[in-house]
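Here is the file upload_0.cif (mmCIF, C-alpha atoms).
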data_query
#
loop_
_atom_site.label_atom_id
_atom_site.label_comp_id
_atom_site.auth_asym_id
_atom_site.auth_seq_id
_atom_site.Cartn_x
_atom_site.Cartn_y
_atom_site.Cartn_z
CA MET A 14 66.52 33.65 157.43
CA ALA A 15 65.91 34.08 153.71
CA ASN A 16 68.85 33.66 151.33
CA LYS A 17 69.34 36.52 148.87
CA ILE A 18 69.03 35.13 145.35
CA LYS A 19 71.43 36.40 142.67
CA TYR A 20 69.40 35.21 139.72
CA GLU A 21 71.75 36.68 137.10
CA VAL A 22 74.65 34.71 138.63
CA LEU A 23 72.62 31.51 138.27
CA LYS A 24 71.82 32.31 134.62
CA THR A 25 75.51 32.86 133.89
CA VAL A 26 76.70 29.71 135.64
CA ALA A 27 73.99 27.65 133.90
CA LEU A 28 75.57 28.53 130.53
CA ALA A 29 78.16 25.81 131.17
CA ALA A 30 75.61 23.04 131.71
CA ALA A 31 75.18 20.31 129.12
CA LYS A 32 72.16 20.88 126.87
CA LYS A 33 71.57 17.18 126.16
CA PRO A 34 73.67 15.46 128.81
CA SER A 35 74.64 11.82 128.47
CA VAL A 36 75.24 11.99 132.23
CA PRO A 37 72.12 13.51 133.92
CA ILE A 38 74.08 15.20 136.72
CA LEU A 39 75.64 17.55 134.14
CA SER A 40 72.29 19.37 133.91
CA HIS A 41 72.49 20.33 137.62
CA PHE A 42 73.79 23.12 139.82
CA CYS A 43 76.29 22.08 142.47
CA PHE A 44 76.07 24.31 145.56
CA TYR A 45 79.12 23.94 147.80
CA ASN A 46 81.21 26.08 150.19
CA GLY A 47 79.34 29.28 149.34
CA ARG A 48 79.74 28.74 145.61
CA VAL A 49 77.77 27.33 142.67
CA GLN A 50 79.20 25.34 139.74
CA CYS A 51 77.97 23.93 136.43
CA SER A 52 79.88 21.83 133.92
CA ASP A 53 79.37 19.84 130.74
CA SER A 54 82.72 18.04 131.37
CA VAL A 55 84.47 20.30 128.81
CA VAL A 56 83.73 23.77 130.19
CA THR A 57 83.02 24.77 133.79
CA ILE A 58 81.69 27.99 135.32
CA ASP A 59 82.05 28.53 139.07
CA ALA A 60 80.87 31.61 141.02
CA GLU A 61 80.34 32.89 144.53
CA PHE A 62 76.79 32.23 145.72
CA ASP A 63 75.65 32.81 149.29
CA ILE A 64 73.36 29.91 150.18
CA THR A 65 72.95 27.93 153.42
CA ILE A 66 72.75 24.48 151.84
CA GLU A 67 75.12 22.16 150.00
CA THR A 68 73.45 20.04 147.38
CA VAL A 69 73.19 19.23 143.68
CA ALA A 70 69.92 20.55 142.25
CA PRO A 71 68.39 20.27 138.75
CA ILE A 72 68.82 23.58 136.95
CA LYS A 73 65.35 23.77 135.40
CA GLN A 74 63.46 23.21 138.65
CA PHE A 75 65.77 25.40 140.77
CA MET A 76 65.57 28.33 138.35
CA ALA A 77 61.79 28.05 138.17
CA ALA A 78 61.52 27.97 141.97
CA VAL A 79 63.54 31.18 142.54
CA ALA A 80 62.58 33.18 139.44
CA GLY A 81 61.18 36.62 140.14
CA THR A 82 62.15 36.73 143.79
CA GLU A 83 65.01 38.40 145.65
CA GLY A 84 64.97 35.98 148.58
CA ALA A 85 64.11 32.37 149.38
CA ARG A 86 64.17 29.97 152.32
CA PHE A 87 65.74 26.57 151.82
CA SER A 88 65.46 23.36 153.79
CA LEU A 89 67.07 20.08 152.84
CA LYS A 90 66.15 16.61 153.96
CA ARG A 91 65.73 13.95 151.33
CA ARG A 92 64.28 16.58 149.01
CA LEU A 93 65.00 20.28 148.60
CA SER A 94 62.27 22.62 149.79
CA ILE A 95 62.22 26.23 148.52
CA LYS A 96 59.85 28.84 149.89
CA THR A 97 59.48 32.28 148.35
CA GLY A 98 56.95 34.98 149.15
CA TYR A 99 54.29 33.38 147.00
CA MET A 100 55.32 29.79 146.25
CA HIS A 101 56.54 26.59 147.88
CA SER A 102 58.23 23.89 145.80
CA THR A 103 60.04 20.64 146.54
CA PHE A 104 62.05 18.36 144.28
CA GLY A 105 64.67 15.66 144.38
CA VAL A 106 68.36 16.46 144.66
CA LEU A 107 71.70 14.64 144.57
CA ASN A 108 74.72 14.61 146.86
CA VAL A 109 77.64 17.00 146.34
CA GLY A 110 79.97 14.02 146.39
CA ASP A 111 78.32 12.71 143.22
CA PHE A 112 79.10 15.87 141.22
CA PRO A 113 82.36 16.00 139.20
CA LEU A 114 83.59 19.19 140.87
CA SER A 115 86.35 20.99 139.01
CA GLU A 116 89.00 23.19 140.60
CA ALA A 117 90.35 26.47 139.24
CA LEU A 118 93.87 26.46 137.86
CA LYS A 119 96.65 28.14 139.81
CA ASN A 120 99.35 30.68 138.84
CA LYS A 121 97.10 33.44 137.53
CA LYS A 122 98.49 35.94 135.02
CA LYS A 123 97.02 39.39 134.49
CA ILE A 124 95.37 40.15 131.15
CA LYS A 125 96.73 43.58 130.23
CA ALA A 126 94.04 44.61 127.72
CA GLY A 127 90.44 43.65 127.00
CA ILE A 128 89.96 40.57 124.82
CA LEU A 129 86.19 40.59 124.19
CA PRO A 130 86.21 42.78 121.03
CA SER A 131 88.79 40.49 119.44
CA MET A 132 86.95 37.34 120.52
CA LYS A 133 83.74 38.65 118.92
CA ARG A 134 85.55 39.31 115.64
CA LEU A 135 87.35 35.95 115.63
CA GLU A 136 84.28 33.87 116.49
CA LYS A 137 82.67 34.65 113.11
CA PHE A 138 85.45 32.76 111.34
CA ILE A 139 85.72 29.59 113.46
CA ASP A 140 85.13 26.43 111.46
CA SER A 141 82.31 24.06 112.41
CA ASN A 142 83.69 20.98 110.63
CA ALA A 143 84.28 18.34 113.31
CA TYR A 144 86.67 16.44 110.98
CA ARG A 145 89.18 19.31 111.29
CA THR A 146 89.11 19.73 115.05
CA TRP A 147 92.13 22.04 115.09
CA SER A 148 90.15 24.65 113.12
CA THR A 149 87.11 24.52 115.41
CA GLY A 150 88.82 26.89 117.82
CA VAL A 151 91.07 29.93 118.15
CA LEU A 152 94.84 29.52 118.06
CA VAL A 153 96.56 31.83 120.59
CA LYS A 154 100.16 32.49 119.61
CA ASP A 155 102.59 35.32 120.39
CA GLY A 156 99.85 37.65 121.61
CA PHE A 157 97.54 37.07 118.62
CA GLY A 158 94.44 34.95 118.04
CA TYR A 159 93.90 33.08 114.76
CA ALA A 160 90.67 31.60 113.39
CA THR A 161 89.74 29.99 110.09
CA ASP A 162 86.77 28.48 108.27
CA ASN A 163 89.29 27.01 105.78
CA VAL A 164 88.42 29.65 103.17
CA ILE A 165 89.20 32.72 105.29
CA LEU A 166 92.05 32.90 107.81
CA VAL A 167 92.04 35.85 110.25
CA ARG A 168 94.33 37.24 112.94
CA ASP A 169 93.58 39.63 115.80
CA LYS A 170 95.38 40.82 118.92
CA LEU A 171 94.67 38.75 122.05
CA PHE A 172 96.83 37.96 125.08
CA GLU A 173 100.29 36.54 125.66
CA THR A 174 100.54 32.88 126.61
CA THR A 175 103.25 30.24 126.52
CA PRO A 176 103.09 27.67 125.02
CA ASP A 177 100.75 28.22 122.05
CA ILE A 178 97.21 26.99 122.81
CA VAL A 179 93.92 26.41 120.97
CA LEU A 180 90.69 27.64 122.60
CA PRO A 181 87.60 25.61 121.60
CA ARG A 182 84.63 27.38 119.98
CA ARG A 183 82.45 26.61 123.02
CA LEU A 184 84.81 28.56 125.29
CA VAL A 185 84.96 31.53 122.91
CA SER A 186 81.15 31.59 122.71
CA LEU A 187 80.83 31.49 126.50
CA LEU A 188 83.26 34.38 126.95
CA ILE A 189 81.11 36.41 124.56
CA LYS A 190 77.84 35.41 126.26
CA ILE A 191 79.19 36.25 129.73
CA ASN A 192 80.09 39.65 128.26
CA MET A 193 82.54 40.63 130.99
CA GLU A 194 86.25 41.17 130.53
CA PRO A 195 88.31 38.54 132.39
CA THR A 196 91.03 40.04 134.56
CA HIS A 197 93.41 37.06 134.70
CA PHE A 198 94.03 33.68 133.10
CA SER A 199 95.98 30.55 133.96
CA THR A 200 96.89 27.49 131.91
CA ASP A 201 98.31 24.01 132.19
CA ASP A 202 98.99 21.35 129.55
CA ASN A 203 95.31 20.54 129.05
CA ALA A 204 93.17 23.48 130.19
CA ILE A 205 92.77 27.23 130.54
CA CYS A 206 90.99 29.20 133.25
CA PHE A 207 89.71 32.76 132.93
CA TRP A 208 89.11 34.77 136.09
CA PHE A 209 86.47 37.43 136.72
CA GLU A 210 85.70 39.41 139.87
CA ASP A 211 83.93 36.59 141.75
CA MET A 212 83.75 33.87 139.10
CA TRP A 213 85.98 31.68 136.96
CA LEU A 214 85.51 29.89 133.64
CA LYS A 215 87.58 26.82 132.82
CA SER A 216 87.85 24.80 129.63
CA THR A 217 89.84 21.95 128.17
CA LEU A 218 92.04 22.88 125.19
CA LEU A 219 92.09 21.52 121.65
CA ASP A 220 95.14 19.77 120.21
CA ASN A 221 97.35 22.23 118.36
CA ASN A 222 97.68 20.93 114.80
CA TRP A 223 97.58 24.38 113.21
CA PRO A 224 99.77 25.22 110.20
CA ASP A 225 102.05 28.29 110.31
CA ALA A 226 99.21 30.83 110.22
CA GLU A 227 101.48 33.82 110.76
CA ARG A 228 103.59 33.00 107.70
CA ILE A 229 100.50 32.36 105.54
CA ILE A 230 99.08 35.80 106.36
CA ASP A 231 102.27 37.85 106.21
CA SER A 232 103.46 36.28 102.94
CA ALA A 233 100.24 37.31 101.17
CA LYS A 234 100.80 41.09 101.45
CA ARG A 235 101.10 42.81 98.07
CA SER A 236 101.15 46.35 96.64
CA ASN A 237 98.02 46.09 94.44
CA VAL A 238 95.49 47.13 97.08
CA PHE A 239 91.77 47.60 96.49
CA SER A 240 88.99 48.99 98.68
CA LEU A 241 86.55 46.41 100.00
CA LEU A 242 84.14 49.18 100.93
CA SER A 243 83.80 50.20 97.27
CA MET A 244 82.66 46.72 96.24
CA HIS A 245 80.44 45.94 99.25
CA ASP A 246 77.15 47.34 97.94
CA GLY A 247 77.68 45.77 94.53
CA LEU A 248 78.27 42.37 96.09
CA LEU A 249 75.07 42.66 98.13
CA ASN A 250 73.09 43.57 95.00
CA ILE A 251 74.52 40.57 93.16
CA LYS A 252 73.75 38.36 96.16
CA LYS A 253 70.03 39.07 95.61
CA PHE A 254 70.23 36.94 92.44
CA ASP A 255 71.97 34.02 94.17
CA THR A 256 69.87 30.85 94.25
CA THR A 257 72.65 28.54 95.45
CA LYS A 258 73.28 27.45 99.02
CA GLY A 259 76.63 29.10 99.58
CA THR A 260 78.35 27.95 96.38
CA ALA A 261 77.94 31.05 94.18
CA VAL A 262 81.15 32.38 92.63
CA ILE A 263 82.03 36.02 91.91
CA THR A 264 84.53 36.81 89.12
CA PHE A 265 86.49 40.05 88.57
CA ASP A 266 88.00 40.93 85.16
CA GLY A 267 89.43 44.39 85.83
CA LYS A 268 86.26 46.17 84.67
CA ASN A 269 83.33 44.30 86.24
CA MET A 270 82.46 41.78 88.91
CA ALA A 271 80.02 39.16 87.75
CA MET A 272 78.09 36.12 88.92
CA LYS A 273 76.83 33.48 86.54
CA ASP A 274 74.76 30.44 87.44
CA GLU A 275 72.02 28.34 85.89
CA THR A 276 69.36 31.02 86.41
CA SER A 277 71.18 34.39 86.48
CA ASP A 278 73.88 36.41 84.77
CA VAL A 279 74.55 39.70 86.56
CA ASP A 280 77.50 42.08 86.70
CA VAL A 281 78.45 45.37 88.36
CA ALA A 282 81.20 47.81 87.34
CA CYS A 283 84.38 47.25 89.41
CA ASP A 284 88.08 47.74 88.63
CA VAL A 285 89.45 44.93 90.81
CA ASP A 286 92.16 42.79 89.17
CA HIS A 287 91.39 39.37 87.64
CA SER A 288 90.32 37.01 90.42
CA THR A 289 87.56 34.63 91.47
CA PHE A 290 86.09 34.08 94.94
CA ASN A 291 83.22 32.40 96.71
CA LEU A 292 80.55 35.12 96.89
CA ASP A 293 79.52 34.53 100.51
CA ALA A 294 83.14 34.39 101.69
CA LEU A 295 83.98 37.69 99.98
CA ILE A 296 80.91 39.37 101.48
CA LYS A 297 81.99 38.09 104.90
CA VAL A 298 85.40 39.68 104.39
CA THR A 299 83.91 43.00 103.24
CA ASP A 300 81.76 43.02 106.39
CA ASN A 301 84.87 42.88 108.58
CA ALA A 302 87.74 44.53 106.68
CA ASP A 303 88.53 47.59 104.55
CA LEU A 304 91.29 46.70 102.07
CA ILE A 305 92.27 43.62 100.07
CA HIS A 306 95.56 42.83 98.29
CA ILE A 307 94.73 40.90 95.12
CA ASN A 308 97.19 38.04 94.57
CA TRP A 309 94.82 35.48 93.03
CA PRO A 310 95.10 32.50 92.64
CA GLU A 311 97.31 32.71 95.75
CA PRO A 312 95.68 33.64 99.10
CA CYS A 313 94.76 37.36 99.15
CA TYR A 314 95.66 39.49 102.16
CA PHE A 315 93.01 41.80 103.70
CA GLU A 316 93.10 44.25 106.58
CA CYS A 317 90.88 46.44 108.73
CA VAL A 318 92.23 49.99 109.02
CA ASP A 319 90.70 50.91 112.40
CA GLU A 320 90.99 47.51 114.11
CA SER A 321 93.76 44.95 114.61
CA LEU A 322 92.04 42.34 112.42
CA ASP A 323 93.75 41.09 109.27
CA GLY A 324 93.96 37.83 107.36
CA VAL A 325 93.80 36.07 104.00
CA LEU A 326 91.00 34.96 101.69
CA VAL A 327 91.52 31.88 99.51
CA GLY A 328 90.10 32.30 96.02
CA VAL A 329 88.40 29.82 93.71
CA ASN A 330 90.49 28.26 90.92
CA LYS A 331 88.51 27.97 87.69
#
As structure tokens - that is how I would like this structure written.
Amino acid sequence: MANKIKYEVLKTVALAAAKKPSVPILSHFCFYNGRVQCSDSVVTIDAEFDITIETVAPIKQFMAAVAGTEGARFSLKRRLSIKTGYMHSTFGVLNVGDFPLSEALKNKKKIKAGILPSMKRLEKFIDSNAYRTWSTGVLVKDGFGYATDNVILVRDKLFETTPDIVLPRRLVSLLIKINMEPTHFSTDDNAICFWFEDMWLKSTLLDNNWPDAERIIDSAKRSNVFSLLSMHDGLLNIKKFDTTKGTAVITFDGKNMAMKDETSDVDVACDVDHSTFNLDALIKVTDNADLIHINWPEPCYFECVDESLDGVLVGVNK
């Protein structure tokens, strides 16, 4: 009897596989007990998958063998044989006992509200500097998520968890790629597991060496508030003259905002108080928020009126 192939399930599970594995088996599917699992040793995705064999098969060959078909016949001896309506393929496989199978965490807790919109907003601000590993993920604390690229620090509503944890960038990216709201989560001292209808996603956690992000953001609120929307178009026009690689500086003097470098001197009318910022960082903030509280040279608070996102932008001292 042919096995029904859920190709989209395979594509989703394969997201967890190592791209350039130091251990070859981490680029394989593990089919076991009516399920399929992939892992890169940091993150794991495991889903229901109705198949009559138990084996460890290379992802590239298996996906190519079942692509474009709704059913396939499998036979397993020393090699895996796959027959579809138009093709027959065989390739080498490994034993299930050789695969580092991971188990889901216990003690599931319900996630009361969707987290994907917040994850998508936070991901834009996660640092990529491996020397500051704490900032290469999202801090989850008291129902909020925090992310920083060490120039911008943002906060958004997430889910309640105790103790505080740090989700690695890879996990956040996978949640966004899967594009389904998890219904439950569970944690232990080293890992977190998100649950979907017939699938779970597990990841190790980062060490929590975060500073007091809540205090940094809340202490930056001031009364001199300016509209980010009003300066957005002007910033984009000035950006057209930028020949640097992310180092251009924008200066406000109460009447104009201006950028000066070795090749250009351009300004646009703007009544924002005296302050100086990295141009790209300020554009990034204007893309995601509505209002900014100018407190330069101290960190400047910003907020999004229609969303739960807020945070601070660190200026440039000149």
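Using only C-alpha atoms for every distance, the candidate list A:Phe315, A:Ser35, A:Leu118, A:Ser131 yields A:Leu118 as the residue closest to Ile205 (chain A).
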Take the PyMOL selection byres ((chain A and resi 67) around 8), run it mentally on this structure, and tell me the resulting residues as a PyMOL selection string. chain A and resi 43-46+64-66+68-69+109
What gap, in Å, lies between CA of Phe87 (chain A) and CA of Val56 (chain A)? 28.3 Å
May I have the residues within 9 Å of Gln74 (chain A) as a PDB file with C-alpha atoms, in the frame of the given file, using only C-alpha atoms and disregarding those fewer than 5 positions away in the same chain?
ATOM      1  CA  VAL A  79      63.540  31.180 142.540  1.00  0.00           C
ATOM      2  CA  SER A 102      58.230  23.890 145.800  1.00  0.00           C
ATOM      3  CA  THR A 103      60.040  20.640 146.540  1.00  0.00           C
ATOM      4  CA  PHE A 104      62.050  18.360 144.280  1.00  0.00           C
TER       5      PHE A 104
END
Show me, as a list in words, the residues that have an atom within 10 Å of Ala226 (chain A) when counting all atoms listed in the file, minus same-chain residues fewer than 4 positions from it.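 Once the nearby chain positions are removed, what remains is Leu152, Lys154, Tyr159, Ala160, Thr161, Leu166, Val167, Arg168, Ile230, Asp231, Gly324 and Val325 of chain A.
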Rank nothing, just name the residue among A:Pro312, A:Pro71, A:Pro37, A:Gly247 nearest to Ser232 (chain A), using all atoms listed in the file. A:Pro312
Residues proximal to (95.5, 34.1, 97.5) were defined as those with any atom within 8 Å of that point in the file's coordinates, counting all atoms listed in the file. Which are they, as a PDB file with C-alpha atoms, keeping the file's coordinate frame?
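Written output follows (selection.pdb):
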ATOM      1  CA  ALA A 233     100.240  37.310 101.170  1.00  0.00           C
ATOM      2  CA  ILE A 307      94.730  40.900  95.120  1.00  0.00           C
ATOM      3  CA  ASN A 308      97.190  38.040  94.570  1.00  0.00           C
ATOM      4  CA  TRP A 309      94.820  35.480  93.030  1.00  0.00           C
ATOM      5  CA  PRO A 310      95.100  32.500  92.640  1.00  0.00           C
ATOM      6  CA  GLU A 311      97.310  32.710  95.750  1.00  0.00           C
ATOM      7  CA  PRO A 312      95.680  33.640  99.100  1.00  0.00           C
ATOM      8  CA  CYS A 313      94.760  37.360  99.150  1.00  0.00           C
ATOM      9  CA  TYR A 314      95.660  39.490 102.160  1.00  0.00           C
ATOM     10  CA  VAL A 325      93.800  36.070 104.000  1.00  0.00           C
ATOM     11  CA  LEU A 326      91.000  34.960 101.690  1.00  0.00           C
ATOM     12  CA  VAL A 327      91.520  31.880  99.510  1.00  0.00           C
ATOM     13  CA  GLY A 328      90.100  32.300  96.020  1.00  0.00           C
TER      14      GLY A 328
END
Could you tell me, as number ranges by chain, exactly which residues end up selected when the PyMOL selection byres ((chain A and resi 139) around 12) is applied to this structure? A: 132-138, 140-143, 145-152, 158-168, 179-186
Grab the CA of Gly267 (chain A) to CA of His287 (chain A) distance for me, in Å with one decimal place.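 Distance between the two atoms: 5.7 Å.
With all atoms listed in the file as the atoms that count, the minimum distance from Ser54 (chain A) to the choices A:Leu93, A:Ala126, A:Leu114, A:Val281 is reached by A:Leu114.
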A straight line from CA of Ile305 (chain A) to CA of Leu292 (chain A) spans 14.8 Å
Please write as a ChimeraX atom specification the full residue list that the PyMOL selection byres ((chain A and resi 127) around 10) yields on this file. /A:124-126,128-132,170-172,193-196
Atoms to include: C-alpha atoms. Write the selected residues as a PDB file, in the coordinates of the input.
ATOM      1  CA  ILE A 124      95.370  40.150 131.150  1.00  0.00           C
ATOM      2  CA  LYS A 125      96.730  43.580 130.230  1.00  0.00           C
ATOM      3  CA  ALA A 126      94.040  44.610 127.720  1.00  0.00           C
ATOM      4  CA  ILE A 128      89.960  40.570 124.820  1.00  0.00           C
ATOM      5  CA  LEU A 129      86.190  40.590 124.190  1.00  0.00           C
ATOM      6  CA  PRO A 130      86.210  42.780 121.030  1.00  0.00           C
ATOM      7  CA  SER A 131      88.790  40.490 119.440  1.00  0.00           C
ATOM      8  CA  MET A 132      86.950  37.340 120.520  1.00  0.00           C
ATOM      9  CA  LYS A 170      95.380  40.820 118.920  1.00  0.00           C
ATOM     10  CA  LEU A 171      94.670  38.750 122.050  1.00  0.00           C
ATOM     11  CA  PHE A 172      96.830  37.960 125.080  1.00  0.00           C
ATOM     12  CA  MET A 193      82.540  40.630 130.990  1.00  0.00           C
ATOM     13  CA  GLU A 194      86.250  41.170 130.530  1.00  0.00           C
ATOM     14  CA  PRO A 195      88.310  38.540 132.390  1.00  0.00           C
ATOM     15  CA  THR A 196      91.030  40.040 134.560  1.00  0.00           C
TER      16      THR A 196
END
Name the residues in contact with Leu23 (chain A) at a cut-off of 10 Å, using only C-alpha atoms, excluding same-chain residues fewer than 2 positions from it; report them as a list in words.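 Here the answer would be Ile18, Lys19, Tyr20, Glu21, Thr25, Val26, Ala27, Leu28, Phe42, Val49, Gln50, Cys51, Asp59, Ala60, Phe62, Ile72, Phe75 and Met76 of chain A.
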Considering all atoms listed in the file, give me a table of residues in region 149-255 of chain A that are at most 9 Å from region 275-280 of chain A, with the closest atom pair and distance in Å for each, as JSON lines.
{"residue": "A:Gly247", "atom": "CA", "partner": "A:Asp280", "partner_atom": "CA", "distance": 8.7}
{"residue": "A:Ile251", "atom": "CA", "partner": "A:Val279", "partner_atom": "CA", "distance": 6.7}
{"residue": "A:Phe254", "atom": "CA", "partner": "A:Ser277", "partner_atom": "CA", "distance": 6.6}
{"residue": "A:Asp255", "atom": "CA", "partner": "A:Ser277", "partner_atom": "CA", "distance": 7.7}
Keeping C-alpha atoms, export the residues of the selection given above as a short mmCIF file (atom, residue, chain, number, x, y, z; two decimals), keeping the file's coordinate frame.
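This is the output file part_34.cif:
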data_model
loop_
_atom_site.label_atom_id
_atom_site.label_comp_id
_atom_site.auth_asym_id
_atom_site.auth_seq_id
_atom_site.Cartn_x
_atom_site.Cartn_y
_atom_site.Cartn_z
CA GLY A 247 77.68 45.77 94.53
CA ILE A 251 74.52 40.57 93.16
CA PHE A 254 70.23 36.94 92.44
CA ASP A 255 71.97 34.02 94.17
#
Residues within 9 Å of Asn120 (chain A), please, as a PDB file with C-alpha atoms, in the frame of the given file. Count all atoms listed in the file; anything in the same chain fewer than 6 positions from it doesn't count.
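Output below, filename result-v5.pdb:
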ATOM      1  CA  PHE A 198      94.030  33.680 133.100  1.00  0.00           C
ATOM      2  CA  SER A 199      95.980  30.550 133.960  1.00  0.00           C
ATOM      3  CA  THR A 200      96.890  27.490 131.910  1.00  0.00           C
TER       4      THR A 200
END
